[in-house]
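Raw input12.txt, compact mmCIF, C-alpha atoms:
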```txt
# COMPACT_ATOMS: atom_id res chain seq x y z
CA MET A 3 31.15 92.91 -67.61
CA ALA A 4 27.68 91.34 -67.56
CA GLU A 5 26.65 89.60 -64.35
CA THR A 6 26.62 85.81 -64.34
CA ALA A 7 25.35 83.08 -62.05
CA GLN A 8 27.40 79.97 -61.35
CA LEU A 9 25.93 76.48 -61.28
CA ARG A 10 27.86 73.47 -60.05
CA LEU A 11 26.71 70.02 -61.08
CA GLY A 12 28.95 67.19 -59.96
CA GLU A 13 32.51 68.16 -60.85
CA LYS A 14 31.47 70.71 -63.45
CA THR A 15 30.86 74.44 -62.86
CA ILE A 16 29.33 76.63 -65.56
CA ASP A 17 28.58 80.34 -65.82
CA LEU A 18 25.02 81.33 -66.74
CA PRO A 19 24.22 84.84 -68.02
CA VAL A 20 21.87 86.96 -65.91
CA ILE A 21 19.26 89.04 -67.73
CA GLU A 22 17.73 92.09 -66.07
CA GLY A 23 14.38 93.50 -67.16
CA SER A 24 13.48 97.18 -67.36
CA GLU A 25 11.57 96.96 -64.04
CA GLY A 26 14.40 95.19 -62.21
CA GLU A 27 13.34 91.55 -62.60
CA THR A 28 16.31 89.19 -62.93
CA ALA A 29 16.43 85.93 -64.85
CA VAL A 30 19.13 83.31 -65.13
CA ASP A 31 19.57 82.39 -68.80
CA ILE A 32 19.68 78.58 -68.93
CA ARG A 33 19.33 78.07 -72.67
CA ASN A 34 22.76 76.33 -72.84
CA LEU A 35 22.31 74.31 -69.64
CA ARG A 36 21.50 71.01 -71.33
CA SER A 37 24.17 71.28 -74.01
CA GLU A 38 26.84 72.04 -71.40
CA THR A 39 25.77 69.71 -68.57
CA GLY A 40 23.23 67.25 -69.97
CA ALA A 41 20.78 68.40 -67.28
CA ILE A 42 17.49 70.29 -67.53
CA THR A 43 15.51 72.31 -64.99
CA TYR A 44 12.36 70.96 -63.35
CA ASP A 45 9.63 73.55 -62.75
CA PRO A 46 6.03 72.21 -62.57
CA GLY A 47 3.60 74.81 -63.88
CA TYR A 48 6.55 76.94 -65.11
CA ALA A 49 6.03 79.20 -62.07
CA ASN A 50 9.74 80.11 -62.00
CA THR A 51 10.43 79.90 -65.72
CA GLY A 52 10.58 82.89 -68.05
CA SER A 53 9.50 81.78 -71.52
CA CYS A 54 10.20 85.06 -73.27
CA GLN A 55 11.26 88.69 -73.02
CA SER A 56 8.18 90.87 -73.52
CA SER A 57 7.45 94.59 -73.61
CA ILE A 58 3.65 94.32 -73.52
CA CYS A 59 2.51 93.97 -69.91
CA PHE A 60 4.07 94.47 -66.47
CA ILE A 61 2.67 93.22 -63.17
CA ASP A 62 3.99 93.76 -59.65
CA GLY A 63 1.76 91.57 -57.54
CA GLU A 64 3.21 92.75 -54.25
CA LYS A 65 2.50 96.42 -54.97
CA GLY A 66 -0.72 95.89 -56.93
CA ILE A 67 0.67 97.38 -60.16
CA LEU A 68 -0.57 96.59 -63.68
CA ARG A 69 0.75 98.44 -66.73
CA TYR A 70 0.20 98.02 -70.47
CA ARG A 71 3.22 99.16 -72.51
CA GLY A 72 4.26 101.28 -69.51
CA TYR A 73 0.89 102.96 -69.00
CA ASP A 74 -0.76 102.44 -65.62
CA ILE A 75 -4.06 100.60 -65.84
CA GLN A 76 -5.78 103.34 -63.82
CA ASP A 77 -4.79 106.00 -66.37
CA LEU A 78 -5.96 103.86 -69.27
CA ALA A 79 -9.23 103.00 -67.55
CA ALA A 80 -9.95 106.65 -66.80
CA ASN A 81 -9.00 108.12 -70.16
CA SER A 82 -8.98 105.50 -72.89
CA SER A 83 -11.32 103.19 -74.80
CA PHE A 84 -11.01 99.48 -75.46
CA LEU A 85 -10.14 99.95 -79.13
CA GLU A 86 -7.50 102.53 -78.24
CA VAL A 87 -6.00 100.12 -75.69
CA SER A 88 -6.15 97.36 -78.30
CA PHE A 89 -4.12 99.51 -80.68
CA LEU A 90 -1.63 100.27 -77.89
CA LEU A 91 -1.12 96.60 -77.04
CA ILE A 92 -0.79 95.41 -80.63
CA TYR A 93 1.25 98.25 -82.14
CA GLY A 94 3.17 99.40 -79.07
CA THR A 95 2.14 103.07 -78.92
CA LEU A 96 -0.99 105.06 -78.27
CA PRO A 97 -2.58 105.92 -81.63
CA THR A 98 -2.69 109.37 -83.16
CA PRO A 99 -6.22 110.65 -83.95
CA SER A 100 -5.89 109.57 -87.59
CA GLN A 101 -4.53 106.14 -86.65
CA LEU A 102 -7.37 105.55 -84.20
CA GLU A 103 -9.94 106.70 -86.76
CA TYR A 104 -8.56 104.26 -89.36
CA PHE A 105 -8.34 101.40 -86.86
CA THR A 106 -11.86 102.00 -85.51
CA ARG A 107 -13.37 102.28 -88.99
CA SER A 108 -11.63 99.10 -90.14
CA ILE A 109 -13.02 97.20 -87.13
CA ARG A 110 -16.54 98.55 -87.74
CA ILE A 111 -16.70 97.48 -91.38
CA HIS A 112 -15.52 93.93 -90.69
CA THR A 113 -18.10 92.99 -88.03
CA MET A 114 -20.36 90.91 -90.30
CA LEU A 115 -19.91 87.16 -90.57
CA HIS A 116 -20.22 85.16 -93.77
CA GLU A 117 -23.79 83.88 -94.09
CA ASP A 118 -22.54 80.29 -94.08
CA PHE A 119 -21.52 80.76 -90.44
CA LYS A 120 -25.21 80.49 -89.58
CA ALA A 121 -25.11 76.86 -90.68
CA LEU A 122 -22.12 76.26 -88.40
CA PHE A 123 -23.96 77.62 -85.37
CA GLN A 124 -27.19 75.84 -86.29
CA SER A 125 -25.33 72.53 -86.42
CA LEU A 126 -24.45 72.88 -82.73
CA PRO A 127 -26.70 71.71 -79.89
CA LYS A 128 -28.74 74.47 -78.28
CA ASP A 129 -26.98 73.89 -74.96
CA ALA A 130 -23.46 74.05 -76.46
CA HIS A 131 -21.19 76.13 -74.23
CA PRO A 132 -20.48 79.53 -75.85
CA MET A 133 -16.73 79.03 -75.43
CA ALA A 134 -16.86 75.81 -77.46
CA ALA A 135 -18.85 77.63 -80.14
CA CYS A 136 -16.45 80.61 -80.11
CA SER A 137 -13.39 78.39 -80.40
CA ALA A 138 -14.91 76.45 -83.30
CA ALA A 139 -16.01 79.58 -85.13
CA VAL A 140 -12.68 81.39 -84.68
CA GLY A 141 -10.85 78.32 -85.98
CA ALA A 142 -13.27 78.22 -88.90
CA LEU A 143 -12.32 81.78 -89.89
CA ALA A 144 -9.18 80.26 -91.41
CA THR A 145 -11.37 78.39 -93.90
CA PHE A 146 -13.23 81.54 -94.94
CA TYR A 147 -10.15 83.76 -95.22
CA PRO A 148 -7.30 81.68 -96.71
CA ASP A 149 -5.91 84.91 -98.19
CA SER A 150 -4.53 86.14 -94.83
CA LEU A 151 -2.98 83.16 -93.05
CA ASP A 152 0.76 83.74 -93.46
CA PRO A 153 2.14 84.68 -90.01
CA ARG A 154 5.21 86.31 -91.58
CA ASN A 155 3.35 88.54 -94.04
CA ASP A 156 2.74 91.84 -92.28
CA ARG A 157 -0.20 92.87 -94.46
CA GLN A 158 -1.93 89.51 -94.07
CA VAL A 159 -1.38 89.62 -90.32
CA GLU A 160 -2.91 93.11 -90.10
CA ILE A 161 -5.98 91.96 -92.04
CA SER A 162 -6.41 88.94 -89.75
CA VAL A 163 -5.96 91.11 -86.65
CA HIS A 164 -8.70 93.52 -87.72
CA ARG A 165 -11.01 90.70 -88.76
CA LEU A 166 -10.60 88.93 -85.43
CA ILE A 167 -11.23 91.98 -83.26
CA ALA A 168 -14.23 92.90 -85.41
CA LYS A 169 -15.82 89.47 -85.64
CA LEU A 170 -15.34 87.92 -82.19
CA PRO A 171 -18.18 90.01 -80.64
CA THR A 172 -20.47 88.85 -83.47
CA ILE A 173 -19.37 85.25 -82.98
CA ALA A 174 -19.93 85.39 -79.20
CA ALA A 175 -23.35 87.02 -79.58
CA TYR A 176 -24.43 84.46 -82.21
CA ALA A 177 -23.45 81.63 -79.85
CA TYR A 178 -25.77 83.19 -77.27
CA LYS A 179 -28.61 83.80 -79.73
CA HIS A 180 -28.39 80.21 -80.95
CA SER A 181 -28.77 78.91 -77.39
CA LEU A 182 -32.03 80.87 -77.09
CA GLY A 183 -33.36 79.96 -80.50
CA GLN A 184 -33.50 83.66 -81.39
CA PRO A 185 -32.62 85.11 -84.82
CA PHE A 186 -29.13 86.45 -85.36
CA MET A 187 -28.96 90.23 -85.54
CA PHE A 188 -26.88 92.05 -88.13
CA PRO A 189 -24.21 94.40 -86.71
CA ARG A 190 -24.95 98.13 -86.75
CA ASN A 191 -21.89 100.01 -87.96
CA ALA A 192 -23.18 103.29 -86.54
CA LEU A 193 -22.68 101.97 -83.01
CA ASN A 194 -19.36 101.83 -81.23
CA TYR A 195 -17.63 98.54 -80.44
CA VAL A 196 -19.33 97.74 -77.14
CA GLU A 197 -22.71 99.18 -78.10
CA ASN A 198 -22.71 96.98 -81.17
CA PHE A 199 -21.96 93.91 -79.06
CA LEU A 200 -24.85 94.73 -76.70
CA HIS A 201 -27.10 95.18 -79.74
CA LEU A 202 -26.03 91.80 -81.14
CA MET A 203 -26.67 90.17 -77.76
CA PHE A 204 -29.94 91.72 -76.64
CA ALA A 205 -31.75 93.17 -79.67
CA ASN A 206 -34.40 91.31 -81.63
CA PRO A 207 -36.23 92.12 -84.90
CA CYS A 208 -39.54 92.78 -83.13
CA GLU A 209 -38.68 95.95 -81.24
CA ASP A 210 -36.17 98.75 -81.05
CA TYR A 211 -33.15 98.35 -78.78
CA GLU A 212 -30.77 101.10 -77.74
CA PRO A 213 -27.75 100.13 -75.63
CA ASP A 214 -27.62 101.83 -72.24
CA PRO A 215 -24.55 104.15 -72.21
CA VAL A 216 -23.81 103.36 -68.54
CA VAL A 217 -23.78 99.63 -69.28
CA ALA A 218 -21.73 100.15 -72.46
CA LYS A 219 -19.17 102.22 -70.53
CA ALA A 220 -18.88 99.55 -67.81
CA ILE A 221 -18.39 96.74 -70.35
CA ASP A 222 -15.79 98.81 -72.23
CA LEU A 223 -13.99 99.29 -68.94
CA LEU A 224 -14.09 95.56 -68.20
CA LEU A 225 -12.65 94.77 -71.61
CA ILE A 226 -9.77 97.18 -70.94
CA LEU A 227 -9.07 95.58 -67.57
CA HIS A 228 -9.00 92.09 -69.11
CA ALA A 229 -6.95 93.04 -72.19
CA ASP A 230 -3.65 91.49 -71.08
CA HIS A 231 -2.13 89.92 -68.00
CA GLU A 232 1.38 88.75 -68.76
CA GLN A 233 2.16 85.07 -69.48
CA ASN A 234 -0.97 83.47 -68.04
CA CYS A 235 -2.26 80.07 -69.17
CA SER A 236 -4.19 81.22 -72.25
CA THR A 237 -1.54 83.73 -73.35
CA SER A 238 1.19 81.12 -73.02
CA THR A 239 -1.04 78.78 -75.03
CA VAL A 240 -1.37 81.32 -77.85
CA ARG A 241 2.41 81.75 -77.91
CA LEU A 242 3.13 78.01 -77.78
CA VAL A 243 0.62 77.11 -80.49
CA GLY A 244 1.77 80.09 -82.55
CA SER A 245 5.36 78.86 -82.33
CA SER A 246 4.44 76.10 -84.78
CA MET A 247 3.94 78.89 -87.38
CA VAL A 248 0.22 78.21 -87.53
CA ASN A 249 -2.10 81.07 -88.55
CA LEU A 250 -3.42 83.61 -86.06
CA PHE A 251 -7.00 82.26 -86.11
CA ALA A 252 -5.85 78.80 -85.01
CA ALA A 253 -3.64 80.18 -82.24
CA ILE A 254 -6.47 82.34 -80.87
CA SER A 255 -8.88 79.40 -81.04
CA ALA A 256 -6.47 77.49 -78.79
CA GLY A 257 -6.28 80.45 -76.41
CA ILE A 258 -10.07 80.52 -76.11
CA ASN A 259 -10.05 76.86 -75.10
CA ALA A 260 -7.38 77.52 -72.47
CA LEU A 261 -9.34 80.46 -71.07
CA TRP A 262 -12.47 78.29 -70.79
CA GLY A 263 -11.10 76.34 -67.83
CA PRO A 264 -12.54 77.10 -64.37
CA ARG A 265 -9.04 77.72 -63.00
CA HIS A 266 -8.56 80.52 -65.52
CA GLY A 267 -11.31 82.51 -67.21
CA GLY A 268 -14.20 80.64 -65.65
CA ALA A 269 -13.71 82.28 -62.25
CA ASN A 270 -16.35 84.99 -62.75
CA GLN A 271 -18.90 82.33 -63.66
CA GLU A 272 -18.02 80.52 -60.42
CA VAL A 273 -18.79 83.73 -58.49
CA ILE A 274 -22.40 83.73 -59.68
CA GLU A 275 -22.69 79.98 -59.10
CA MET A 276 -21.47 80.54 -55.51
CA LEU A 277 -24.02 83.31 -54.97
CA ALA A 278 -26.78 81.08 -56.35
CA ALA A 279 -25.73 78.26 -54.02
CA ILE A 280 -25.88 80.60 -51.00
CA ARG A 281 -29.37 81.74 -52.07
CA ASP A 282 -30.64 78.22 -52.77
CA GLU A 283 -29.42 76.88 -49.42
CA GLY A 284 -31.07 79.78 -47.59
CA MET A 285 -27.83 80.96 -46.00
CA THR A 286 -26.89 84.50 -45.10
CA ALA A 287 -23.66 85.98 -46.40
CA ARG A 288 -22.23 85.89 -42.88
CA GLU A 289 -23.03 82.18 -42.49
CA PHE A 290 -21.27 81.39 -45.76
CA VAL A 291 -18.21 83.46 -44.81
CA ASP A 292 -17.99 81.57 -41.52
CA ARG A 293 -18.16 78.28 -43.41
CA ALA A 294 -15.47 79.42 -45.85
CA LYS A 295 -13.19 80.33 -42.92
CA SER A 296 -13.66 76.95 -41.25
CA ALA A 297 -10.92 74.38 -41.82
CA ASP A 298 -13.56 71.65 -41.53
CA ASP A 299 -15.68 72.95 -44.41
CA THR A 300 -14.99 72.71 -48.15
CA SER A 301 -16.88 75.91 -49.05
CA ARG A 302 -14.75 78.38 -50.99
CA LEU A 303 -15.25 82.12 -51.28
CA MET A 304 -14.96 82.69 -55.04
CA GLY A 305 -13.87 86.05 -56.46
CA PHE A 306 -11.57 86.93 -53.55
CA GLY A 307 -7.77 86.91 -53.64
CA HIS A 308 -5.54 86.38 -56.67
CA ARG A 309 -2.57 84.13 -57.47
CA VAL A 310 -0.48 87.05 -58.71
CA TYR A 311 -1.68 89.98 -56.58
CA LYS A 312 -0.67 89.83 -52.93
CA ASN A 313 -2.31 93.20 -52.52
CA TYR A 314 -5.64 94.60 -53.72
CA ASP A 315 -6.19 93.68 -57.38
CA PRO A 316 -5.79 97.09 -59.10
CA ARG A 317 -8.46 96.12 -61.62
CA ALA A 318 -10.96 95.46 -58.85
CA LYS A 319 -10.47 98.95 -57.43
CA ILE A 320 -11.35 100.41 -60.82
CA ILE A 321 -14.33 98.23 -61.62
CA LYS A 322 -15.96 98.52 -58.18
CA GLY A 323 -17.14 102.06 -58.95
CA ALA A 324 -18.51 100.99 -62.32
CA CYS A 325 -20.27 98.06 -60.64
CA ASP A 326 -22.05 100.38 -58.21
CA GLU A 327 -22.96 102.74 -61.06
CA VAL A 328 -24.46 99.94 -63.17
CA LEU A 329 -26.49 98.54 -60.28
CA ASN A 330 -27.84 101.99 -59.40
CA LYS A 331 -28.61 102.86 -63.02
CA MET A 332 -30.27 99.53 -63.79
CA GLY A 333 -32.25 99.59 -60.56
CA VAL A 334 -31.59 95.88 -60.33
CA HIS A 335 -32.78 94.16 -57.18
CA SER A 336 -32.09 90.46 -56.81
CA LYS A 337 -31.14 88.13 -54.03
CA LEU A 338 -27.85 87.30 -55.78
CA LEU A 339 -26.78 90.91 -55.89
CA GLU A 340 -27.83 91.48 -52.28
CA ILE A 341 -25.65 88.55 -51.22
CA ALA A 342 -22.76 89.86 -53.32
CA LYS A 343 -22.85 93.26 -51.66
CA GLU A 344 -23.05 91.68 -48.21
CA LEU A 345 -20.10 89.38 -48.96
CA GLU A 346 -18.06 92.34 -50.17
CA GLU A 347 -18.83 94.38 -47.06
CA ILE A 348 -18.01 91.51 -44.70
CA ALA A 349 -14.75 90.54 -46.43
CA LEU A 350 -13.43 94.10 -46.54
CA LYS A 351 -13.85 94.42 -42.76
CA ASP A 352 -13.07 90.89 -41.59
CA ASP A 353 -9.57 90.49 -40.10
CA TYR A 354 -9.36 86.93 -41.46
CA PHE A 355 -9.51 88.18 -45.06
CA ILE A 356 -7.54 91.37 -44.45
CA GLU A 357 -4.61 89.45 -42.89
CA ARG A 358 -4.59 87.00 -45.82
CA LYS A 359 -5.07 89.81 -48.36
CA LEU A 360 -8.17 88.13 -49.74
CA PHE A 361 -9.71 91.22 -51.29
CA PRO A 362 -12.48 91.12 -53.92
CA ASN A 363 -10.86 90.69 -57.33
CA VAL A 364 -11.91 91.64 -60.84
CA ASP A 365 -13.78 88.33 -61.28
CA PHE A 366 -16.07 89.16 -58.37
CA TYR A 367 -17.17 92.52 -59.72
CA SER A 368 -17.29 91.50 -63.38
CA GLY A 369 -19.56 88.57 -62.54
CA VAL A 370 -21.91 90.87 -60.64
CA ILE A 371 -22.05 93.35 -63.56
CA TYR A 372 -22.65 90.67 -66.18
CA ASN A 373 -25.42 89.19 -64.06
CA ALA A 374 -27.02 92.59 -63.51
CA ILE A 375 -27.34 93.32 -67.24
CA GLY A 376 -28.95 89.95 -67.94
CA THR A 377 -25.98 88.00 -69.27
CA PRO A 378 -26.24 84.26 -68.55
CA ALA A 379 -23.42 82.79 -66.49
CA ASN A 380 -22.09 80.60 -69.29
CA MET A 381 -21.44 83.74 -71.39
CA PHE A 382 -19.18 85.36 -68.79
CA THR A 383 -16.03 83.66 -70.05
CA ALA A 384 -16.86 84.61 -73.64
CA LEU A 385 -16.88 88.26 -72.58
CA PHE A 386 -13.54 87.68 -70.89
CA ALA A 387 -12.26 86.35 -74.24
CA LEU A 388 -13.42 89.54 -75.97
CA GLY A 389 -11.31 91.57 -73.58
CA ARG A 390 -8.25 89.31 -73.68
CA LEU A 391 -8.21 89.10 -77.50
CA PRO A 392 -5.93 92.13 -78.18
CA GLY A 393 -3.48 90.89 -75.57
CA TRP A 394 -3.34 87.46 -77.19
CA ILE A 395 -2.83 89.07 -80.58
CA ALA A 396 -0.09 91.38 -79.26
CA GLN A 397 1.74 88.46 -77.67
CA TRP A 398 1.48 86.38 -80.87
CA VAL A 399 2.76 89.26 -82.99
CA GLU A 400 5.60 90.02 -80.55
CA TYR A 401 6.73 86.40 -80.50
CA HIS A 402 6.88 86.22 -84.28
CA GLY A 403 9.19 89.24 -84.25
CA ASP A 404 11.42 87.83 -81.50
CA PRO A 405 14.97 87.01 -82.68
CA ASP A 406 14.85 84.06 -80.26
CA PHE A 407 11.70 82.68 -81.92
CA LYS A 408 11.64 78.89 -82.04
CA ILE A 409 9.00 76.22 -81.78
CA GLY A 410 8.06 75.51 -78.16
CA ARG A 411 9.30 72.17 -76.95
CA PRO A 412 9.39 71.71 -73.14
CA ARG A 413 11.53 68.91 -71.74
CA GLN A 414 10.51 66.26 -69.23
CA VAL A 415 11.99 64.09 -66.52
CA TYR A 416 11.06 60.55 -67.52
CA VAL A 417 9.96 58.37 -64.55
CA GLY A 418 8.42 55.42 -66.41
CA GLU A 419 9.58 51.85 -66.96
CA THR A 420 13.12 51.26 -68.11
CA ALA A 421 13.84 49.02 -71.13
CA ARG A 422 11.93 45.73 -71.08
CA SER A 423 11.27 42.90 -73.51
CA TYR A 424 8.06 42.55 -75.49
CA GLN A 425 5.93 39.51 -74.58
CA PRO A 426 3.79 37.83 -77.25
CA LEU A 427 0.06 37.94 -76.57
CA ASP A 428 -0.27 34.22 -75.79
CA GLU A 429 2.46 34.45 -73.12
CA ARG A 430 0.95 37.28 -71.09
```

The structure in this file should be written as C-alpha cells.
Amino acid sequence: MAETAQLRLGEKTIDLPVIEGSEGETAVDIRNLRSETGAITYDPGYANTGSCQSSICFIDGEKGILRYRGYDIQDLAANSSFLEVSFLLIYGTLPTPSQLEYFTRSIRIHTMLHEDFKALFQSLPKDAHPMAACSAAVGALATFYPDSLDPRNDRQVEISVHRLIAKLPTIAAYAYKHSLGQPFMFPRNALNYVENFLHLMFANPCEDYEPDPVVAKAIDLLLILHADHEQNCSTSTVRLVGSSMVNLFAAISAGINALWGPRHGGANQEVIEMLAAIRDEGMTAREFVDRAKSADDTSRLMGFGHRVYKNYDPRAKIIKGACDEVLNKMGVHSKLLEIAKELEEIALKDDYFIERKLFPNVDFYSGVIYNAIGTPANMFTALFALGRLPGWIAQWVEYHGDPDFKIGRPRQVYVGETARSYQPLDER
C-alpha cells in the first residue's frame, strides 16, 4: 500500500499521497487539497513546492552533488563537450557517434541569421543591454520561422531546437558587435561551437583571428557547468510560459529575461563590479573581506556561497583549474584579477567563511575567466544564457510530454479590501 500523509483541517481529515523520487526525495501530493477542503497551501517563492516530476537534473546541496540525467557533472566536464551534453539533456541519453555527428552538423549549418536581423539590431540603442537584445531577437525568430512553431509536432520541435542552439551564439555576438559599432561577422562552419562563438565575438574583417584552444576549452566547460540546474527561476519561467502552449522561441525569450535579473544570472557580472569597486576605492582584498564580515557594513562578498549548495559548489571545483589555466595561458595581469586571487585565497583559509560554508562558487570563477578574455561585464549573463539554453529546452520538451501537463495557474491568498460600494466621482 502506498504511503500517505494525513492533514487535519477543522473537523475534516484527508489522506494525501506521498511521492518518492529516485534519489529518495519525498513529496506530499496536494493536487486535490482545494477540491476536498477548500484550502490552498501558502509557500512564498515556492521554496517547498514541487511543480513537476523531472528526470533531467539532480542536485544534493548538502553533499555538493550535481548530475545531468544521472551522470555526475565531474565526469561530464572531464570527458564530454557542450553539444554532447546538450544532446544528453534534450534527448535523455548520451549520443552514439552517428547521432552526435548528425546533431553537430545540424547545429553548424544553422548558425547564420536572416539578413533582416541586422535591421533589428541596428534599431536598438548602442548601449542596449545584450540580454534585452537577445530576448528580443529570440522572440523574433518566431516571425522568421512560422513553419516550426507547433509545440506538439515532434519534427517542428526538433527543427526549432536545432535552430535555437545554433543561432543563440550568433545573436549574442551580434548584440555585442552592435554595442561597439563593429561589423557583424559571418559564422565559420569549419569551427566548432565555442570556437565559432569566439570568432563571432572577437574577429573583424581587417585581420585574421584564430580562437585560442585553451580559452575555447574553458568556455565549453563553463557552458557544460551552466547547462541545467533544476527548477530555478528561469527554468520555472520557461515551463510556466510554455504551459500556455506557446512556441519554443517565445518560452526561451521569457527564460532569458528571467535569467537577466541580478538575483539569478547576473551574479557573475556583480563579481566583476565588486572587484572594480575594491580597486577604485584603493582597498586591499583583506580590507574588503573585513568590511564584508562586519555587521555594521553593507559590503557584500559576491561570488561566494550558494542558495542551494551548503557545501562547496561542485561546479566551482571544476572551473577553478580552468580559470588558472586561462590566466596562465593568456598571461593576463590586471588589478581586478590580482584582487580576485587574493579574495579567493583569504576566503578559503578564513574561519568565518569556512564555518558558514561560503566557498567561491561558479559565478566567481566564470566572471574572472570572462573578464580575462576581454568579455565586457554586461555580456556575462548572455554567455550564461548560452549554457543554460539546452537545459531550458529539455525542461520545455519534458513538460510537454508530461501526462500531468496543464497550464500553470498559481493560487493566492487575497488580503485586499472586502466588498464595498462604488462612489460617484463628485462624491469622493

* **Two-atom distance - atom CA of Asp352 of chain A, atom CA of Glu327 of chain A (Å)** =>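 Those two atoms sit 24.8 Å apart.
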
* Neighbour list for Arg10 of chain A as a list in words, cut-off 12 Å, all atoms listed in the file, skip fewer than 4 positions in-chain -> Lys14, Thr15, Ile16, Asp17, Leu18, Leu35, Glu38, Thr39 and Ala41 of chain A

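The two atoms in question, atom CA of Phe251 of chain A and atom CA of Leu166 of chain A, are spaced 7.6 Å apart.
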
* Counting only C-alpha atoms, what is within 6 Å of segment 392-400 of chain A, bar same-chain residues fewer than 4 positions away, as JSON, numbers by chain? -> {"A": [88, 91, 92, 229, 230, 237, 241]}

* Asked: Which residues, written as number ranges by chain, have at least one atom at most 7 Å from segment 53-70 of chain A, with only C-alpha atoms counted and residues fewer than 6 positions away on the same chain left out?
  -> A: 91, 230-232, 310-316

* Point-to-point distance from atom CA of Tyr44 of chain A to atom CA of Gly26 of chain A, Å rounded to tenths ->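 Interatomic distance here is 24.3 Å.
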
* To do: List the neighbours of Arg190 of chain A out to 10 Å using all atoms listed in the file; skip same-chain residues closer than 4 positions along the sequence, and give me the result as a list of chain:residue names.
  =>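 What passes the distance filter is A:Arg110, A:Ile111, A:Thr113, A:Met114, A:Asn194, A:Tyr195, A:Glu197, A:Asn198, A:Phe199, A:His201, A:Leu202.
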
Would you output that residue set with C-alpha atoms, as a PDB file, in the coordinates of the input?
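Okay, selection-v7.pdb is ready:
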```pdb
ATOM      1  CA  ARG A 110     -16.540  98.550 -87.740  1.00  0.00           C
ATOM      2  CA  ILE A 111     -16.700  97.480 -91.380  1.00  0.00           C
ATOM      3  CA  THR A 113     -18.100  92.990 -88.030  1.00  0.00           C
ATOM      4  CA  MET A 114     -20.360  90.910 -90.300  1.00  0.00           C
ATOM      5  CA  ASN A 194     -19.360 101.830 -81.230  1.00  0.00           C
ATOM      6  CA  TYR A 195     -17.630  98.540 -80.440  1.00  0.00           C
ATOM      7  CA  GLU A 197     -22.710  99.180 -78.100  1.00  0.00           C
ATOM      8  CA  ASN A 198     -22.710  96.980 -81.170  1.00  0.00           C
ATOM      9  CA  PHE A 199     -21.960  93.910 -79.060  1.00  0.00           C
ATOM     10  CA  HIS A 201     -27.100  95.180 -79.740  1.00  0.00           C
ATOM     11  CA  LEU A 202     -26.030  91.800 -81.140  1.00  0.00           C
TER      12      LEU A 202
END
```

* Closest to Ser238 of chain A among A:Asp129, A:Ser108, A:Tyr73, A:Tyr48, using all atoms listed in the file? -> A:Tyr48

Taking 3 positions as the minimum chain separation for residues in the same chain, which residues sit within 8 Å of Ala318 of chain A when counting only C-alpha atoms? Answer as a PDB file with C-alpha atoms, keeping the file's coordinate frame.
```pdb
ATOM      1  CA  TYR A 314      -5.640  94.600 -53.720  1.00  0.00           C
ATOM      2  CA  ASP A 315      -6.190  93.680 -57.380  1.00  0.00           C
ATOM      3  CA  ILE A 321     -14.330  98.230 -61.620  1.00  0.00           C
ATOM      4  CA  LYS A 322     -15.960  98.520 -58.180  1.00  0.00           C
ATOM      5  CA  PRO A 362     -12.480  91.120 -53.920  1.00  0.00           C
ATOM      6  CA  ASN A 363     -10.860  90.690 -57.330  1.00  0.00           C
ATOM      7  CA  VAL A 364     -11.910  91.640 -60.840  1.00  0.00           C
ATOM      8  CA  TYR A 367     -17.170  92.520 -59.720  1.00  0.00           C
TER       9      TYR A 367
END
```
